[in-house]
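Chemist: Data file start-v3.pdb (PDB, C-alpha atoms and all ligand atoms) is appended below.
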```
ATOM      1  CA  MET A   1     -37.405 -29.399   9.065
ATOM      2  CA  ASN A   2     -39.971 -27.123   7.420
ATOM      3  CA  ILE A   3     -39.157 -24.807   4.515
ATOM      4  CA  LYS A   4     -39.089 -21.649   6.669
ATOM      5  CA  ARG A   5     -36.460 -23.176   8.933
ATOM      6  CA  ILE A   6     -34.381 -24.302   5.945
ATOM      7  CA  LEU A   7     -34.475 -20.784   4.454
ATOM      8  CA  LEU A   8     -33.617 -19.200   7.813
ATOM      9  CA  PHE A   9     -30.720 -21.607   8.236
ATOM     10  CA  LEU A  10     -29.404 -20.928   4.712
ATOM     11  CA  SER A  11     -29.638 -17.145   5.140
ATOM     12  CA  ILE A  12     -27.764 -17.216   8.444
ATOM     13  CA  ILE A  13     -25.041 -19.476   7.024
ATOM     14  CA  SER A  14     -24.655 -17.236   3.943
ATOM     15  CA  LEU A  15     -24.212 -14.153   6.159
ATOM     16  CA  VAL A  16     -21.372 -15.899   7.965
ATOM     17  CA  VAL A  17     -19.740 -17.469   4.902
ATOM     18  CA  ILE A  18     -19.928 -14.649   2.303
ATOM     19  CA  PRO A  19     -17.133 -12.527   3.877
ATOM     20  CA  LEU A  20     -14.745 -15.470   3.310
ATOM     21  CA  HIS A  21     -15.286 -15.223  -0.451
ATOM     22  CA  GLN A  22     -14.458 -11.541  -1.024
ATOM     23  CA  ALA A  23     -11.979 -10.407  -3.700
ATOM     24  CA  GLU A  24      -8.301 -11.023  -2.950
ATOM     25  CA  ALA A  25      -6.740  -9.747   0.249
ATOM     26  CA  LEU A  26      -3.620  -7.580   0.378
ATOM     27  CA  VAL A  27      -0.668  -9.871  -0.331
ATOM     28  CA  ASN A  28       3.062  -9.641   0.232
ATOM     29  CA  GLY A  29       2.894  -6.313   2.110
ATOM     30  CA  GLY A  30       6.365  -6.992   3.490
ATOM     31  CA  PHE A  31       8.028  -7.755   0.123
ATOM     32  CA  GLU A  32       9.309 -11.074   1.469
ATOM     33  CA  SER A  33       8.230 -12.570  -1.928
ATOM     34  CA  GLY A  34       9.791  -9.818  -4.031
ATOM     35  CA  PHE A  35       7.140  -7.869  -5.948
ATOM     36  CA  THR A  36       4.626 -10.768  -6.123
ATOM     37  CA  GLY A  37       1.131  -9.257  -5.997
ATOM     38  CA  TRP A  38       2.365  -5.763  -6.949
ATOM     39  CA  THR A  39       2.307  -4.023 -10.319
ATOM     40  CA  THR A  40       5.544  -2.128 -10.864
ATOM     41  CA  ALA A  41       6.611   0.649 -13.250
ATOM     42  CA  GLY A  42      10.109   2.066 -13.568
ATOM     43  CA  ASP A  43      13.190   1.396 -11.492
ATOM     44  CA  VAL A  44      12.348  -0.667  -8.412
ATOM     45  CA  THR A  45      14.375  -3.162  -6.413
ATOM     46  CA  ILE A  46      14.215  -5.476  -3.405
ATOM     47  CA  ASP A  47      16.739  -4.759  -0.643
ATOM     48  CA  THR A  48      17.971  -6.575   2.438
ATOM     49  CA  SER A  49      19.697  -5.107   5.485
ATOM     50  CA  LEU A  50      22.841  -4.846   3.326
ATOM     51  CA  PHE A  51      21.342  -1.636   1.887
ATOM     52  CA  GLY A  52      22.024   0.142   5.187
ATOM     53  CA  SER A  53      18.472   1.117   6.163
ATOM     54  CA  GLY A  54      15.627  -1.249   7.005
ATOM     55  CA  PRO A  55      13.908  -3.600   6.484
ATOM     56  CA  THR A  56      11.482  -2.790   9.306
ATOM     57  CA  ALA A  57       9.976  -6.311   9.217
ATOM     58  CA  GLY A  58      11.284  -9.612   7.895
ATOM     59  CA  LEU A  59      14.324  -9.891   5.657
ATOM     60  CA  GLN A  60      13.336  -7.808   2.612
ATOM     61  CA  GLU A  61      11.908  -4.409   1.693
ATOM     62  CA  ALA A  62      11.124  -2.493  -1.504
ATOM     63  CA  ARG A  63      13.005   0.500  -2.865
ATOM     64  CA  LEU A  64      11.619   2.743  -5.611
ATOM     65  CA  LYS A  65      14.301   4.846  -7.315
ATOM     66  CA  THR A  66      14.682   7.818  -9.643
ATOM     67  CA  ASN A  67      17.555   6.377 -11.642
ATOM     68  CA  GLY A  68      17.773   4.161 -14.678
ATOM     69  CA  PRO A  69      16.372   4.190 -18.205
ATOM     70  CA  THR A  70      13.116   2.444 -17.219
ATOM     71  CA  GLU A  71      11.795   5.454 -15.303
ATOM     72  CA  GLN A  72       8.313   6.675 -16.203
ATOM     73  CA  THR A  73       7.387  10.120 -17.482
ATOM     74  CA  LEU A  74       4.923  12.411 -15.708
ATOM     75  CA  SER A  75       2.065  11.346 -17.972
ATOM     76  CA  GLN A  76       2.979   7.648 -17.663
ATOM     77  CA  LEU A  77       2.928   7.916 -13.855
ATOM     78  CA  GLN A  78      -0.448   9.647 -13.882
ATOM     79  CA  SER A  79      -1.967   7.014 -16.161
ATOM     80  CA  PHE A  80      -0.388   4.212 -14.060
ATOM     81  CA  PHE A  81      -2.440   5.492 -11.107
ATOM     82  CA  SER A  82      -5.434   6.683 -13.236
ATOM     83  CA  LEU A  83      -4.830  10.205 -11.907
ATOM     84  CA  PRO A  84      -6.155  13.195 -13.879
ATOM     85  CA  ALA A  85      -3.562  15.260 -15.807
ATOM     86  CA  GLY A  86      -2.102  17.961 -13.565
ATOM     87  CA  THR A  87      -2.471  15.935 -10.345
ATOM     88  CA  LEU A  88       1.211  15.371  -9.568
ATOM     89  CA  ASN A  89       2.478  18.878 -10.383
ATOM     90  CA  GLY A  90      -0.578  20.123  -8.493
ATOM     91  CA  LEU A  91       0.821  18.656  -5.261
ATOM     92  CA  GLY A  92       3.003  21.789  -5.124
ATOM     93  CA  ASN A  93       6.423  20.151  -4.899
ATOM     94  CA  GLY A  94       7.549  21.279  -8.362
ATOM     95  CA  ASN A  95       7.332  19.905 -11.884
ATOM     96  CA  VAL A  96       7.760  16.139 -12.124
ATOM     97  CA  ASP A  97      10.426  15.019 -14.594
ATOM     98  CA  GLU A  98      10.400  11.199 -14.147
ATOM     99  CA  GLY A  99      10.020   8.508 -11.539
ATOM    100  CA  SER A 100       9.018   4.979 -10.501
ATOM    101  CA  ALA A 101       5.904   3.470  -8.957
ATOM    102  CA  ILE A 102       4.171   0.367  -7.581
ATOM    103  CA  LYS A 103       0.528  -0.423  -6.818
ATOM    104  CA  GLN A 104      -1.774  -3.194  -5.582
ATOM    105  CA  THR A 105      -5.578  -3.505  -5.475
ATOM    106  CA  PHE A 106      -7.201  -5.522  -2.678
ATOM    107  CA  ALA A 107     -10.497  -5.983  -0.865
ATOM    108  CA  ALA A 108     -10.979  -3.820   2.215
ATOM    109  CA  ASN A 109     -13.797  -3.039   4.599
ATOM    110  CA  ALA A 110     -14.837   0.316   6.014
ATOM    111  CA  GLY A 111     -13.045   0.686   9.338
ATOM    112  CA  ASP A 112     -10.035  -1.432   8.387
ATOM    113  CA  VAL A 113      -6.740   0.211   9.249
ATOM    114  CA  LEU A 114      -4.081   0.375   6.532
ATOM    115  CA  SER A 115      -0.523   1.053   7.684
ATOM    116  CA  PHE A 116       2.929   1.055   6.111
ATOM    117  CA  ASP A 117       6.518   2.015   6.932
ATOM    118  CA  TRP A 118       8.292   4.456   4.571
ATOM    119  CA  ASN A 119      11.646   6.230   4.344
ATOM    120  CA  PHE A 120      12.548   8.920   1.768
ATOM    121  CA  LEU A 121      16.213   9.174   0.741
ATOM    122  CA  THR A 122      17.909  11.689  -1.550
ATOM    123  CA  ARG A 123      21.232  12.906  -2.898
ATOM    124  CA  GLN A 124      19.744  16.347  -3.598
ATOM    125  CA  THR A 125      20.685  19.107  -1.144
ATOM    126  CA  THR A 126      18.006  19.575   1.517
ATOM    127  CA  PRO A 127      16.081  21.669   0.721
ATOM    128  CA  ASP A 128      16.607  21.982  -3.032
ATOM    129  CA  VAL A 129      14.819  23.825  -5.850
ATOM    130  CA  LEU A 130      14.998  20.425  -7.592
ATOM    131  CA  ASN A 131      12.498  19.296  -5.005
ATOM    132  CA  ASP A 132      12.322  15.494  -5.489
ATOM    133  CA  PHE A 133       9.442  13.935  -3.585
ATOM    134  CA  ALA A 134       7.685  10.687  -2.666
ATOM    135  CA  TYR A 135       3.925  10.219  -2.538
ATOM    136  CA  VAL A 136       1.292   7.642  -1.678
ATOM    137  CA  VAL A 137      -1.887   7.080  -3.721
ATOM    138  CA  LEU A 138      -4.908   6.075  -1.619
ATOM    139  CA  ASN A 139      -7.799   5.023  -3.881
ATOM    140  CA  GLY A 140      -7.124   7.782  -6.420
ATOM    141  CA  GLN A 141      -5.916  10.475  -4.024
ATOM    142  CA  ALA A 142      -2.214  11.384  -4.224
ATOM    143  CA  ILE A 143      -0.642  12.622  -0.975
ATOM    144  CA  THR A 144       2.966  13.818  -0.543
ATOM    145  CA  LEU A 145       4.946  11.755   1.981
ATOM    146  CA  ALA A 146       8.175  13.790   1.862
ATOM    147  CA  ASN A 147      10.212  16.178  -0.290
ATOM    148  CA  THR A 148      13.618  17.861   0.038
ATOM    149  CA  HIS A 149      12.095  20.279   2.610
ATOM    150  CA  SER A 150      11.386  17.407   5.032
ATOM    151  CA  THR A 151      13.488  16.778   8.146
ATOM    152  CA  PHE A 152      16.537  14.667   7.259
ATOM    153  CA  PHE A 153      19.175  12.663   9.055
ATOM    154  CA  PRO A 154      22.548  11.247   7.983
ATOM    155  CA  THR A 155      22.290   7.846   6.309
ATOM    156  CA  ALA A 156      24.415   4.700   6.196
ATOM    157  CA  THR A 157      23.176   4.083   2.630
ATOM    158  CA  THR A 158      24.596   5.323  -0.688
ATOM    159  CA  TYR A 159      22.243   8.341  -0.531
ATOM    160  CA  PHE A 160      23.209  11.531   1.353
ATOM    161  CA  HIS A 161      20.100  12.114   3.474
ATOM    162  CA  GLU A 162      17.141  10.093   4.759
ATOM    163  CA  THR A 163      14.002  10.974   6.732
ATOM    164  CA  HIS A 164      14.247   7.714   8.702
ATOM    165  CA  PHE A 165      11.376   5.242   8.635
ATOM    166  CA  GLN A 166       7.972   6.537   9.685
ATOM    167  CA  THR A 167       4.674   4.682   9.960
ATOM    168  CA  TYR A 168       1.697   6.030   8.019
ATOM    169  CA  THR A 169      -1.790   4.994   9.148
ATOM    170  CA  TYR A 170      -5.022   5.358   7.176
ATOM    171  CA  ASN A 171      -8.593   4.355   8.028
ATOM    172  CA  ILE A 172     -10.390   2.718   5.081
ATOM    173  CA  PRO A 173     -13.561   4.820   4.542
ATOM    174  CA  THR A 174     -15.690   2.466   2.415
ATOM    175  CA  THR A 175     -16.013  -1.267   1.786
ATOM    176  CA  GLY A 176     -14.852  -2.472  -1.631
ATOM    177  CA  ASN A 177     -11.751  -2.811  -3.751
ATOM    178  CA  PHE A 178      -8.990  -0.429  -2.651
ATOM    179  CA  THR A 179      -5.946   0.586  -4.696
ATOM    180  CA  LEU A 180      -2.765   1.498  -2.829
ATOM    181  CA  GLY A 181       0.136   3.039  -4.745
ATOM    182  CA  PHE A 182       3.586   4.479  -4.032
ATOM    183  CA  SER A 183       5.970   6.539  -6.128
ATOM    184  CA  VAL A 184       9.140   8.624  -6.008
ATOM    185  CA  VAL A 185      10.014  11.261  -8.599
ATOM    186  CA  ASP A 186      12.746  13.611  -9.824
ATOM    187  CA  VAL A 187      11.650  17.229 -10.025
ATOM    188  CA  GLY A 188      13.097  19.386 -12.822
ATOM    189  CA  ILE A 189      13.219  23.075 -13.667
ATOM    190  CA  PRO A 190      13.660  24.619 -17.154
ATOM    191  CA  GLY A 191      17.106  23.647 -18.430
ATOM    192  CA  ASN A 192      17.725  21.180 -15.593
ATOM    193  CA  HIS A 193      16.146  17.754 -15.401
ATOM    194  CA  GLY A 194      17.298  17.363 -11.803
ATOM    195  CA  ARG A 195      18.385  13.795 -12.267
ATOM    196  CA  ILE A 196      20.246  13.581  -9.003
ATOM    197  CA  ILE A 197      18.734  10.470  -7.466
ATOM    198  CA  SER A 198      16.176   9.986  -4.697
ATOM    199  CA  ALA A 199      14.389   6.877  -3.419
ATOM    200  CA  LEU A 200      11.448   5.635  -1.371
ATOM    201  CA  GLU A 201      11.876   2.588   0.864
ATOM    202  CA  LEU A 202       8.731   0.650   1.841
ATOM    203  CA  ASP A 203       7.996  -2.231   4.193
ATOM    204  CA  ASN A 204       5.448  -3.759   6.567
ATOM    205  CA  ILE A 205       2.280  -2.795   4.649
ATOM    206  CA  GLN A 206      -0.656  -4.161   6.624
ATOM    207  CA  LEU A 207      -4.439  -4.113   6.526
ATOM    208  CA  VAL A 208      -5.952  -4.801   9.940
ATOM    209  CA  THR A 209      -9.607  -5.185  10.914
ATOM    210  CA  PRO A 210      -9.634  -3.756  14.458
ATOM    211  CA  SER A 211     -12.628  -5.298  16.241
ATOM    212  CA  SER A 212     -14.483  -7.888  14.151
ATOM    213  CA  PRO A 213     -12.115 -10.535  12.791
ATOM    214  CA  VAL A 214     -13.382 -12.651   9.870
ATOM    215  CA  PRO A 215     -14.372 -16.064  11.317
ATOM    216  CA  GLU A 216     -12.115 -18.981  10.522
ATOM    217  CA  PRO A 217     -13.725 -21.831   8.484
ATOM    218  CA  ALA A 218     -13.635 -23.968  11.669
ATOM    219  CA  THR A 219     -15.726 -21.310  13.462
ATOM    220  CA  VAL A 220     -18.259 -21.312  10.610
ATOM    221  CA  LEU A 221     -18.631 -25.105  10.886
ATOM    222  CA  LEU A 222     -19.063 -24.789  14.628
ATOM    223  CA  LEU A 223     -21.736 -22.085  14.229
ATOM    224  CA  GLY A 224     -23.535 -24.148  11.585
ATOM    225  CA  SER A 225     -23.492 -27.377  13.601
ATOM    226  CA  SER A 226     -24.628 -25.667  16.809
ATOM    227  CA  PHE A 227     -27.486 -24.043  14.879
ATOM    228  CA  LEU A 228     -28.522 -27.442  13.509
ATOM    229  CA  GLY A 229     -28.252 -28.854  17.013
ATOM    230  CA  MET A 230     -30.423 -26.052  18.353
ATOM    231  CA  MET A 231     -33.080 -26.732  15.705
ATOM    232  CA  GLY A 232     -32.965 -30.453  16.483
ATOM    233  CA  PHE A 233     -33.432 -29.693  20.173
ATOM    234  CA  ARG A 234     -36.403 -27.411  19.403
ATOM    235  CA  ARG A 235     -38.038 -30.066  17.218
ATOM    236  CA  LYS A 236     -37.789 -32.644  19.967
ATOM    237  CA  SER A 237     -39.208 -30.302  22.610
TER
HETATM  238 CA    CA B 301       9.752  -6.956   4.854
HETATM  239 CA    CA B 302      16.024  10.103 -12.807
HETATM  240 CA    CA B 303      16.437  14.471  -8.454
END
```
Rewrite the structure of this file - the entire thing - as structure tokens.

Modeler:
Amino acid sequence: MNIKRILLFLSIISLVVIPLHQAEALVNGGFESGFTGWTTAGDVTIDTSLFGSGPTAGLQEARLKTNGPTEQTLSQLQSFFSLPAGTLNGLGNGNVDEGSAIKQTFAANAGDVLSFDWNFLTRQTTPDVLNDFAYVVLNGQAITLANTHSTFFPTATTYFHETHFQTYTYNIPTTGNFTLGFSVVDVGIPGNHGRIISALELDNIQLVTPSSPVPEPATVLLLGSSFLGMMGFRRKS
């Protein structure tokens, strides 16, 4: 085998193998292992079907809540997500008093499809001037999922209203590390902290590559051996 063929072989093998050694993939998107893989802040819990809503996949789901002494302040939430000051109140839902959050960073490729199931629950009246809301953070961009002006249904849970589960889908725009975050907050007005509780349920968070699946190690071996075989054949002929 001459040096050109060796280099060609190595470059082809590296093209096939490198995608297998990217940074970590999204893990535990269904919360079947509790909050393993997630960074949490504030009052969060793992629920089963005993909660009265969900899970939408498997046996467990996550619930972020606006109750309890561990809740984060507005500035703590913004630094948790590395959001500039003013971002959360700038969403237009009202002034954030306190809340809870989770996040995870994982490797993603442009064109991958991120999806998750969410349900916003509240004991506020709907709508309410104490306009509690839930939001998602997609690589530094905060987007409101629901607030007390959303469409609500009766709930079998200990809350008074829920939006029901909905599936959110997002196309990853660029290849690299991607940070996904979720949060639910109490909104206050002067003289009223608005600490009537709300929550965000989450489950079934998935990252799917639509058309070009990463080859399994067995496929890589097969490709490599057939390439060697091809070169052997060419040498003989
Ligand atoms: Ca689950
Ligand atoms: Ca609260
Ligand atoms: Ca509230």

Chemist: Counting only C-alpha atoms and all ligand atoms, which protein, DNA or RNA residues come within 9 Å of ligand CA 301 (chain B), given as a compact mmCIF listing (two decimals) with C-alpha atoms, keeping the file's coordinate frame?

Modeler:
```
# COMPACT_ATOMS: atom_id res chain seq x y z
CA ASN A 28 3.06 -9.64 0.23
CA GLY A 29 2.89 -6.31 2.11
CA GLY A 30 6.36 -6.99 3.49
CA PHE A 31 8.03 -7.76 0.12
CA GLU A 32 9.31 -11.07 1.47
CA SER A 33 8.23 -12.57 -1.93
CA THR A 48 17.97 -6.58 2.44
CA GLY A 54 15.63 -1.25 7.00
CA PRO A 55 13.91 -3.60 6.48
CA THR A 56 11.48 -2.79 9.31
CA ALA A 57 9.98 -6.31 9.22
CA GLY A 58 11.28 -9.61 7.90
CA LEU A 59 14.32 -9.89 5.66
CA GLN A 60 13.34 -7.81 2.61
CA GLU A 61 11.91 -4.41 1.69
CA ALA A 62 11.12 -2.49 -1.50
CA LEU A 202 8.73 0.65 1.84
CA ASP A 203 8.00 -2.23 4.19
CA ASN A 204 5.45 -3.76 6.57
CA ILE A 205 2.28 -2.80 4.65
```

Chemist: Within 7 Å of ligand CA 302 (chain B) (counting only C-alpha atoms and all ligand atoms), which residues show up? I'd like them as a list in words.

Modeler: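 Answer in the requested format: Thr66, Asn67, Gly68, Glu71, Glu98, Gly99, Asp186, Arg195, Ile196 and Ile197 of chain A.
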
Chemist: Which residues are near ligand CA 303 (chain B) - at most 12 Å, using all atoms listed in the file? Format: as an MDAnalysis selection string.

Modeler: chainID A and resid 65:67 94:99 121:134 147:148 159 184:189 192:199

Chemist: Would you work out the distance separating atom CA of A:Ala146 from atom CA of A:Gly191, expressed in Å to one decimal?

Modeler: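 So the answer is 24.3 Å.
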
Chemist: Which residue gives the smallest distance to A:Trp38 among A:Leu114, A:Leu180, A:Val208, A:Leu145, with only C-alpha atoms counted?

Modeler: A:Leu180

Chemist: Would you tabulate, counting only C-alpha atoms, all residues of stretch 71-172 of chain A that have an atom at most 7 Å from an atom of stretch 40-47 of chain A, showing the closest pair of atoms and their distance in Å to one decimal, sorted by chain then ascending number, as a Markdown table?

Modeler:
```
| residue | atom | partner | partner_atom | distance |
| --- | --- | --- | --- | --- |
| A:Glu71 | CA | A:Gly42 | CA | 4.2 |
| A:Gln72 | CA | A:Gly42 | CA | 5.6 |
| A:Gly99 | CA | A:Gly42 | CA | 6.8 |
| A:Ser100 | CA | A:Gly42 | CA | 4.4 |
| A:Ala101 | CA | A:Ala41 | CA | 5.2 |
| A:Ile102 | CA | A:Thr40 | CA | 4.3 |
| A:Lys103 | CA | A:Thr40 | CA | 6.7 |
```

Chemist: Using atom CA of A:Thr155 and atom CA of A:Asp117 as the two end points, give the distance in Å to one decimal.

Modeler: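 That distance, rounded to one decimal, is 16.8 Å.
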
Chemist: At what distance in Å, to one decimal, does atom CA of A:Thr209 lie from atom CA of A:Asn109?

Modeler: 7.9 Å

Chemist: Find the residues around A:Gly90 up to 12 Å (only C-alpha atoms counted), leave out those fewer than 5 positions away in its own chain, and share them as a ChimeraX atom specification.

Modeler: /A:74,78,83-85,95-96,141-144

Chemist: Here's the selection I'm unsure about, the PyMOL selection byres (((chain A and resi 163-173) around 8) and not hetatm); applied to the file above, which residues does it give, as a list in words?

Modeler: Gly54, Ala108, Asn109, Ala110, Gly111, Asp112, Val113, Leu114, Ser115, Phe116, Asp117, Trp118, Asn119, Phe120, Leu121, Ser150, Thr151, Phe152, Phe153, His161, Glu162, Thr174 and Thr175 of chain A
